[in-house]
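Here is the structure we will look at.
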Amino acid sequence: MRALIGRLFAGKPPPPPDPVLWDGVRRRVRWVAALDDARDARLQALAARFLRDKAITPVGGLELDAAARMTLAALCCLPLLEFGEQGLHGWSQLIVYPDAFRVNRTHVDAAGVLHEWEDELIGEAWDAGPLILSWADVQADLDEPDAGFCVAVHEMAHKLDALDGVLDGTPPLPRPWQREWARDFQAAYNAFVDRVDRNRHTAIDPYAAEAPEEFFAVCSEYHFSDPDTLRRAMPAVAGHLERLYGVSPLGGR
Ligand SMILES: [Zn+2]
């Protein structure tokens, strides 16, 4: 795994977003519409910084207007409401595909045999590299904001996780909290993998059993889009995510 190279942004904060564009974000994104004024203002500042510091590159014939770019910036910054702008460090480009995209994978196994295959993805986050999203899947998340999915939050969780140079399901946290986090997430992950292995029903997407970092990213999606399910299924994990991200906009507690 490549080490993450941090990049510090100097200079004064950018001006807040165009109010008309931000109103459009509020209308389109229920997670933003549900924020209180203080958190809404923080998200606006983060989104303005995102748009100033990141190149948003549509590919595959996709075109993104100013409203679409503002929506993407707001979504990517949702997990940074408490963490702050340092969550944007270490990378510079958001690539947006029109739909799910294919990537070629290779792996050399223990016997030295090269395996090659294709994965179809709706999002990807390279440590120190671009964040990649499928626009169609972003739209599907916005159409059904309480369904347990948010690919932008998922990939941003990976970005937060990678900030300390290791993609392991633990973002950089103050030391005592990091110990509690590691203990509670490990216990919840082990229990979850056990259920998946035994083909038992799981409250959240079984994809979370892939690896500790996927578990963190998938639970982050539920924090925003189905917090009640997450809290019922894994209260300790839900508690840590509430501390990291703030109370879910759809939490209603
Ligand atoms: Zn992932």
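Letters A, B, ... go to the chains of the structure tokens in the order shown; residues in each chain start at 1; ligands are counted from 1 in the same order.
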Per residue of stretch 174-233 of chain A within 10 Å of stretch 79-89 of chain A, what are the shortest atom pair and its distance in Å to one decimal, counting only C-alpha atoms, with rows by chain and residue number, as CSV?
```
residue,atom,partner,partner_atom,distance
A:Ser220,CA,A:Pro79,CA,8.4
A:Glu221,CA,A:Pro79,CA,9.7
A:His223,CA,A:Pro79,CA,9.8
A:Phe224,CA,A:Pro79,CA,8.8
```
Closest atom pairs, residues of chain A within 10 Å of ligand 1, only C-alpha atoms and all ligand atoms, as a Markdown table:
```
| residue | atom | partner | partner_atom_place_in_ligand_line | distance |
| --- | --- | --- | --- | --- |
| A:Leu121 | CA | ligand 1 | 1 (Zn) | 9.5 |
| A:Ile122 | CA | ligand 1 | 1 (Zn) | 9.6 |
| A:Gly123 | CA | ligand 1 | 1 (Zn) | 7.5 |
| A:Glu124 | CA | ligand 1 | 1 (Zn) | 6.7 |
| A:Ala125 | CA | ligand 1 | 1 (Zn) | 7.6 |
| A:Val151 | CA | ligand 1 | 1 (Zn) | 8.7 |
| A:Val153 | CA | ligand 1 | 1 (Zn) | 10.0 |
| A:His154 | CA | ligand 1 | 1 (Zn) | 6.2 |
| A:Glu155 | CA | ligand 1 | 1 (Zn) | 6.2 |
| A:Met156 | CA | ligand 1 | 1 (Zn) | 9.3 |
| A:Ala157 | CA | ligand 1 | 1 (Zn) | 8.3 |
| A:His158 | CA | ligand 1 | 1 (Zn) | 6.7 |
| A:Tyr207 | CA | ligand 1 | 1 (Zn) | 8.8 |
| A:Ala208 | CA | ligand 1 | 1 (Zn) | 8.5 |
| A:Glu210 | CA | ligand 1 | 1 (Zn) | 9.0 |
| A:Ala211 | CA | ligand 1 | 1 (Zn) | 8.9 |
| A:Pro212 | CA | ligand 1 | 1 (Zn) | 9.9 |
| A:Glu213 | CA | ligand 1 | 1 (Zn) | 7.0 |
| A:Glu214 | CA | ligand 1 | 1 (Zn) | 4.8 |
| A:Phe215 | CA | ligand 1 | 1 (Zn) | 8.3 |
| A:Phe216 | CA | ligand 1 | 1 (Zn) | 8.7 |
| A:Ala217 | CA | ligand 1 | 1 (Zn) | 6.0 |
| A:Val218 | CA | ligand 1 | 1 (Zn) | 7.4 |
```
Quick one: of A:Arg102, A:Arg175, A:Ala41, A:Val20, who's nearest to A:Gly60, counting only C-alpha atoms?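 Looking only at the distances to A:Gly60, the closest residue turns out to be A:Arg102.
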Report the residues of stretch 63-241 of chain A whose backbone DSSP state falls under strand (DSSP E), written as an MDAnalysis selection string. chainID A and resid 93:97 101:108 114:121 123:125 131:134
Show me, as a PyMOL selection string, the residues that have an atom within 12 Å of A:Leu72 when counting only C-alpha atoms, minus same-chain residues fewer than 6 positions from it. chain A and resi 21-22+25+28-29+32+46-48+50-51+54-58+64-66+78+94-96+131-135+137-139+141-142+150-153+156
Could you list, as number ranges by chain, every residue within 10 Å of A:Pro15, counting only C-alpha atoms and ignoring same-chain residues fewer than 4 positions away? A: 44-45, 48-49, 52
